[in-house]
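Printed here is start.txt (compact mmCIF, C-alpha atoms and all ligand atoms):
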# COMPACT_ATOMS: atom_id res chain seq x y z
CA MET A 1 -1.35 -14.49 -14.70
CA PRO A 2 -2.23 -11.03 -13.30
CA ARG A 3 -0.03 -10.07 -10.38
CA LEU A 4 -0.86 -8.10 -7.24
CA LEU A 5 2.10 -6.58 -5.41
CA VAL A 6 1.71 -6.07 -1.67
CA VAL A 7 4.32 -3.66 -0.26
CA HIS A 8 4.23 -3.01 3.46
CA HIS A 9 6.07 -1.90 6.55
CA SER A 10 4.84 -4.00 9.44
CA PRO A 11 7.21 -3.52 12.37
CA THR A 12 4.98 -4.71 15.22
CA PRO A 13 2.56 -7.60 15.83
CA THR A 14 -0.33 -5.14 15.78
CA VAL A 15 0.44 -3.94 12.30
CA ARG A 16 1.40 -7.42 11.17
CA ALA A 17 -2.10 -8.63 12.09
CA LEU A 18 -3.56 -6.09 9.67
CA THR A 19 -1.07 -7.03 6.97
CA ASP A 20 -1.84 -10.74 7.37
CA ALA A 21 -5.55 -10.00 7.01
CA VAL A 22 -4.96 -7.96 3.85
CA LEU A 23 -2.88 -10.82 2.41
CA ALA A 24 -5.52 -13.39 3.36
CA GLY A 25 -8.18 -11.33 1.60
CA ALA A 26 -6.03 -10.95 -1.49
CA ARG A 27 -5.61 -14.74 -1.53
CA ASP A 28 -9.31 -15.49 -1.03
CA ASP A 29 -10.17 -18.71 -2.85
CA ALA A 30 -13.03 -17.03 -4.66
CA ILE A 31 -10.57 -14.79 -6.50
CA GLU A 32 -9.04 -16.81 -9.26
CA ASP A 33 -5.88 -16.39 -11.24
CA VAL A 34 -4.14 -13.67 -9.27
CA GLU A 35 -0.58 -14.11 -8.13
CA VAL A 36 -0.04 -12.25 -4.86
CA VAL A 37 3.53 -11.11 -4.30
CA GLU A 38 4.46 -9.80 -0.84
CA ARG A 39 7.42 -7.52 -0.31
CA ALA A 40 8.74 -5.69 2.73
CA ALA A 41 8.91 -2.01 1.83
CA LEU A 42 12.68 -1.93 2.20
CA GLU A 43 13.08 -4.81 -0.24
CA ALA A 44 10.59 -4.07 -3.01
CA THR A 45 12.17 -3.09 -6.33
CA ALA A 46 11.13 -1.22 -9.45
CA ASP A 47 11.06 -4.55 -11.28
CA ASP A 48 8.49 -5.78 -8.75
CA VAL A 49 6.39 -2.71 -9.50
CA LEU A 50 6.67 -2.97 -13.27
CA ALA A 51 5.73 -6.65 -13.19
CA ALA A 52 2.53 -6.00 -11.22
CA ASP A 53 -1.00 -5.19 -12.37
CA GLY A 54 -2.16 -3.71 -9.08
CA TYR A 55 -0.84 -2.68 -5.68
CA LEU A 56 -1.61 -2.83 -2.00
CA LEU A 57 0.45 -0.60 0.26
CA GLY A 58 0.65 -0.71 4.04
CA THR A 59 2.44 1.57 6.44
CA THR A 60 2.58 2.87 9.95
CA ALA A 61 2.08 6.56 10.63
CA ASN A 62 5.35 8.10 11.77
CA PHE A 63 5.77 11.74 12.72
CA GLY A 64 2.69 12.66 10.70
CA TYR A 65 4.00 10.97 7.57
CA MET A 66 4.26 7.50 6.06
CA SER A 67 7.02 5.27 7.47
CA GLY A 68 10.56 5.88 6.29
CA ALA A 69 10.47 2.38 4.84
CA LEU A 70 7.54 3.08 2.52
CA LYS A 71 9.06 6.45 1.61
CA HIS A 72 12.26 4.59 0.68
CA PHE A 73 10.16 2.36 -1.57
CA PHE A 74 8.71 5.36 -3.39
CA ASP A 75 12.09 7.09 -3.61
CA SER A 76 13.55 3.94 -5.17
CA ILE A 77 10.86 3.10 -7.71
CA PHE A 78 9.17 6.40 -8.55
CA LEU A 79 10.80 7.29 -11.85
CA GLN A 80 11.00 3.74 -13.22
CA ALA A 81 7.38 3.18 -12.25
CA GLY A 82 6.30 6.03 -14.50
CA GLY A 83 6.35 8.94 -12.08
CA ALA A 84 7.27 12.39 -13.34
CA LEU A 85 8.86 15.29 -11.52
CA GLY A 86 8.33 18.94 -12.42
CA ASP A 87 11.14 21.47 -12.70
CA ASP A 88 10.55 22.41 -9.09
CA GLY A 89 11.01 18.79 -8.01
CA SER A 90 7.39 18.20 -7.14
CA ALA A 91 5.50 15.14 -8.36
CA HIS A 92 3.42 15.80 -11.46
CA PRO A 93 -0.05 14.30 -11.84
CA ALA A 94 0.08 11.12 -13.91
CA THR A 95 -1.63 10.72 -17.26
CA GLY A 96 -2.58 7.63 -19.22
CA GLY A 97 -3.55 4.13 -18.08
CA ARG A 98 -3.94 3.42 -14.43
CA LYS A 99 -3.51 0.33 -12.30
CA PRO A 100 -5.62 -0.17 -9.15
CA TYR A 101 -4.13 0.33 -5.72
CA GLY A 102 -5.27 0.26 -2.12
CA LEU A 103 -3.73 1.52 1.12
CA TRP A 104 -3.88 0.73 4.80
CA VAL A 105 -2.31 2.82 7.55
CA HIS A 106 -1.89 2.06 11.23
CA GLY A 107 -1.21 4.65 13.87
CA ARG A 108 -1.71 5.35 17.53
CA TYR A 109 -3.40 8.74 17.39
CA ASP A 110 -3.56 10.37 13.91
CA THR A 111 -2.98 8.86 10.47
CA THR A 112 -4.07 11.94 8.47
CA GLY A 113 -0.60 13.09 7.44
CA ALA A 114 0.52 9.57 6.57
CA VAL A 115 -2.45 9.04 4.27
CA ARG A 116 -1.93 12.43 2.67
CA SER A 117 1.77 11.77 2.12
CA VAL A 118 1.10 8.54 0.23
CA GLY A 119 -1.63 10.17 -1.85
CA SER A 120 0.59 13.06 -2.88
CA ILE A 121 3.13 10.66 -4.37
CA VAL A 122 0.75 8.12 -5.86
CA GLN A 123 -1.21 10.77 -7.74
CA ALA A 124 1.92 11.12 -9.86
CA LEU A 125 2.05 7.40 -10.67
CA PRO A 126 -0.12 5.62 -13.23
CA TRP A 127 -2.18 4.10 -10.45
CA VAL A 128 -5.75 4.74 -9.34
CA GLN A 129 -7.08 4.49 -5.79
CA SER A 130 -9.63 1.72 -6.03
CA ALA A 131 -10.79 1.25 -2.45
CA GLU A 132 -11.27 3.50 0.54
CA VAL A 133 -8.11 3.90 2.59
CA LEU A 134 -8.19 1.71 5.69
CA GLU A 135 -7.04 3.77 8.67
CA VAL A 136 -6.70 2.00 12.01
CA LEU A 137 -5.82 3.65 15.30
CA GLY A 138 -4.65 1.70 18.34
CA ASP A 139 -5.39 -1.92 19.01
CA VAL A 140 -6.55 -4.03 16.08
CA SER A 141 -10.03 -5.47 16.52
CA GLU A 142 -11.84 -8.19 14.60
CA GLU A 143 -13.70 -5.44 12.80
CA HIS A 144 -10.38 -4.01 11.62
CA THR A 145 -9.05 -7.33 10.38
CA GLU A 146 -12.31 -7.92 8.53
CA ALA A 147 -11.94 -4.53 6.86
CA ALA A 148 -8.34 -5.38 6.00
CA TYR A 149 -9.44 -8.70 4.49
CA GLU A 150 -12.04 -6.85 2.46
CA LEU A 151 -9.45 -4.38 1.23
CA GLY A 152 -7.17 -7.18 0.06
CA ALA A 153 -10.00 -9.03 -1.66
CA THR A 154 -11.29 -5.88 -3.35
CA ILE A 155 -8.01 -5.00 -5.01
CA ALA A 156 -7.25 -8.62 -5.90
CA ALA A 157 -10.65 -8.95 -7.57
CA LEU A 158 -9.94 -5.84 -9.64
CA VAL A 159 -6.56 -7.20 -10.65
CA SER A 160 -8.07 -10.54 -11.66
CA GLY A 161 -10.18 -8.59 -14.13
C1 LIG A 201 8.80 7.41 15.83
C2 LIG A 201 7.33 7.19 15.87
C3 LIG A 201 6.49 8.13 15.31
C4 LIG A 201 5.11 7.92 15.33
N1 LIG A 201 4.27 8.86 14.79
C5 LIG A 201 2.95 8.61 14.76
C6 LIG A 201 2.06 9.53 14.13
O1 LIG A 201 2.44 10.55 13.58
N2 LIG A 201 0.73 9.24 14.16
C7 LIG A 201 0.25 8.13 14.78
O2 LIG A 201 -0.97 7.93 14.77
N3 LIG A 201 1.06 7.22 15.36
C8 LIG A 201 2.39 7.43 15.35
N4 LIG A 201 3.22 6.53 15.91
C9 LIG A 201 2.68 5.28 16.37
C10 LIG A 201 2.92 4.21 15.31
O3 LIG A 201 2.17 4.49 14.14
C11 LIG A 201 2.57 2.85 15.86
O4 LIG A 201 3.48 2.60 16.89
C12 LIG A 201 2.69 1.79 14.80
O5 LIG A 201 1.62 1.87 13.90
C13 LIG A 201 2.71 0.40 15.41
O6 LIG A 201 1.60 0.23 16.19
P1 LIG A 201 1.71 -0.39 17.67
O7 LIG A 201 2.70 0.46 18.39
O8 LIG A 201 0.33 -0.29 18.22
O9 LIG A 201 2.16 -1.80 17.51
C14 LIG A 201 4.59 6.74 15.91
C15 LIG A 201 5.48 5.80 16.47
C16 LIG A 201 6.81 6.02 16.43
C17 LIG A 201 7.73 4.98 17.03

Would you write out, as structure tokens, the structure that this file holds?
Amino acid sequence: MPRLLVVHHSPTPTVRALTDAVLAGARDDAIEDVEVVERAALEATADDVLAADGYLLGTTANFGYMSGALKHFFDSIFLQAGGALGDDGSAHPATGGRKPYGLWVHGRYDTTGAVRSVGSIVQALPWVQSAEVLEVLGDVSEEHTEAAYELGATIAALVSG
């Protein structure tokens, strides 16, 4: 069965509400035959990544970057997941087949750097951004959780083929 890996850092109830909505969307009854696997960013492994057919990533914005937890995830899985580094240590653009991924980011005032930081790493993985990034600032409204649900359902539907 196709597998969707959801990797997130959700340290507060606010962020957790978004994460729960993404997971609910990914598990929408209308989407058949997708196994949704949830992992905290500090616990996800390269084997989790290799076993998956698509990805949903969630993070807080911290100091203008993704959370340390999601960065730890990338640091841990990057090479095994098919990422390549150039001689100068920078991530090289990926070639070949691509698996769908989506991203949500929560912050209090500016998520720009966090979104950019994830994109700069993922462009070197054999993944393709398959939904608009969901950026949420401040309190989470019903509109935000609906958008998060939609994000989860969109990527799950792509994974189900
Ligand atoms: C150390 C630290 C750094 C942060 N840096 C940013 C930041 O660069 N941009 C931003 O929008 N929010 C930033 N925040 C706010 C967090 O993103 C926010 O607290 C987190 O998403 C949880 O949301 P909540 O506090 O509303 O529950 C930061 C928070 C902390 C604790």

- request: Give the answer as one residue: which of A:Arg27, A:His144, A:Lys99, A:Arg16 has the shortest atom-to-atom distance to ligand LIG 201 (chain A), using all atoms listed in the file?
  value: A:Arg16

query: Near Thr60 (chain A), within 9 Å and counting all atoms listed in the file, which residues show up once chain neighbours fewer than 6 positions away are dropped, as an MDAnalysis selection string?
result: chainID A and resid 8:11 15 66:67 70 104:107 111 114

Given all atoms listed in the file, how would the per-residue table for chain A near ligand LIG 201 (chain A) read, listing every residue at most 7 Å away with its closest atom pair and distance in Å to one decimal, sorted by chain and number, as CSV?
residue,atom,partner,partner_atom,distance
A:Pro11,CA,A:LIG201,C13,6.7
A:Thr12,CA,A:LIG201,O9,4.7
A:Pro13,CA,A:LIG201,O9,6.1
A:Thr14,CA,A:LIG201,O9,4.5
A:Val15,CA,A:LIG201,C13,5.8
A:Thr60,CA,A:LIG201,O5,4.2
A:Ala61,CA,A:LIG201,O3,4.1
A:Asn62,CA,A:LIG201,N1,3.3
A:Phe63,CA,A:LIG201,O1,3.6
A:Gly64,CA,A:LIG201,O1,3.6
A:Tyr65,CA,A:LIG201,O1,6.2
A:His106,CA,A:LIG201,O5,4.4
A:Gly107,CA,A:LIG201,O3,3.4
A:Arg108,CA,A:LIG201,O2,3.8
A:Tyr109,CA,A:LIG201,O2,3.7
A:Asp110,CA,A:LIG201,O2,3.7
A:Thr111,CA,A:LIG201,O2,4.8
A:Leu137,CA,A:LIG201,O2,6.5
A:Gly138,CA,A:LIG201,O8,5.4
A:Asp139,CA,A:LIG201,O8,6.0

Any chance you could export the current selection's C-alpha atoms as a compact mmCIF listing (two decimals), keeping the file's coordinate frame?
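Saved file part-v6.txt follows:
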# COMPACT_ATOMS: atom_id res chain seq x y z
CA PRO A 11 7.21 -3.52 12.37
CA THR A 12 4.98 -4.71 15.22
CA PRO A 13 2.56 -7.60 15.83
CA THR A 14 -0.33 -5.14 15.78
CA VAL A 15 0.44 -3.94 12.30
CA THR A 60 2.58 2.87 9.95
CA ALA A 61 2.08 6.56 10.63
CA ASN A 62 5.35 8.10 11.77
CA PHE A 63 5.77 11.74 12.72
CA GLY A 64 2.69 12.66 10.70
CA TYR A 65 4.00 10.97 7.57
CA HIS A 106 -1.89 2.06 11.23
CA GLY A 107 -1.21 4.65 13.87
CA ARG A 108 -1.71 5.35 17.53
CA TYR A 109 -3.40 8.74 17.39
CA ASP A 110 -3.56 10.37 13.91
CA THR A 111 -2.98 8.86 10.47
CA LEU A 137 -5.82 3.65 15.30
CA GLY A 138 -4.65 1.70 18.34
CA ASP A 139 -5.39 -1.92 19.01

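In this structure, CA of Ile155 (chain A) sits 21.2 Å away from CA of Val140 (chain A).
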
statement: Restricting to only C-alpha atoms, whichever of A:Met1, A:Ala41, A:Val136, A:Leu57 is closest to Gly119 (chain A) is A:Leu57

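Counting all atoms listed in the file and comparing A:Leu4, A:Ala124, A:Leu42, A:Leu158, the residue that lies closest to Phe73 (chain A) is A:Leu42.
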
field: Counting only C-alpha atoms, the residue of A:Val36, A:Ala147, A:Leu103, A:Ala156 that sits nearest Val133 (chain A)
entry: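 Selected residue with least distance to Val133 (chain A): A:Leu103.
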
For Ala51 (chain A): contacts at 12 Å, all atoms listed in the file, fewer than 4 positions along chain excluded, given as an mmCIF file with C-alpha atoms, in the coordinates of the input:
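The result, stored in around_3.cif:
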data_model
loop_
_atom_site.group_PDB
_atom_site.id
_atom_site.type_symbol
_atom_site.label_atom_id
_atom_site.label_comp_id
_atom_site.auth_asym_id
_atom_site.auth_seq_id
_atom_site.Cartn_x
_atom_site.Cartn_y
_atom_site.Cartn_z
ATOM 1 C CA MET A 1 -1.350 -14.490 -14.700
ATOM 2 C CA PRO A 2 -2.230 -11.030 -13.300
ATOM 3 C CA ARG A 3 -0.030 -10.070 -10.380
ATOM 4 C CA LEU A 4 -0.860 -8.100 -7.240
ATOM 5 C CA LEU A 5 2.100 -6.580 -5.410
ATOM 6 C CA GLU A 35 -0.580 -14.110 -8.130
ATOM 7 C CA VAL A 36 -0.040 -12.250 -4.860
ATOM 8 C CA VAL A 37 3.530 -11.110 -4.300
ATOM 9 C CA ALA A 44 10.590 -4.070 -3.010
ATOM 10 C CA THR A 45 12.170 -3.090 -6.330
ATOM 11 C CA ALA A 46 11.130 -1.220 -9.450
ATOM 12 C CA ASP A 47 11.060 -4.550 -11.280
ATOM 13 C CA TYR A 55 -0.840 -2.680 -5.680
ATOM 14 C CA GLN A 80 11.000 3.740 -13.220
ATOM 15 C CA ALA A 81 7.380 3.180 -12.250
ATOM 16 C CA LYS A 99 -3.510 0.330 -12.300
#

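Our summary of the geometry notes that CA of Thr112 (chain A) is positioned 29.5 Å from CA of Asp28 (chain A).
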
field: Separation of CA of Asp33 (chain A) from CA of Gly97 (chain A), in Å and rounded to one decimal
entry: 21.8 Å

- request: Do a neighbour search on Ile31 (chain A) at 10 Å with all atoms listed in the file, toss out local chain neighbours closer than 6 positions, and write the hits as a ChimeraX atom specification.
  value: /A:25,153-154,156-161
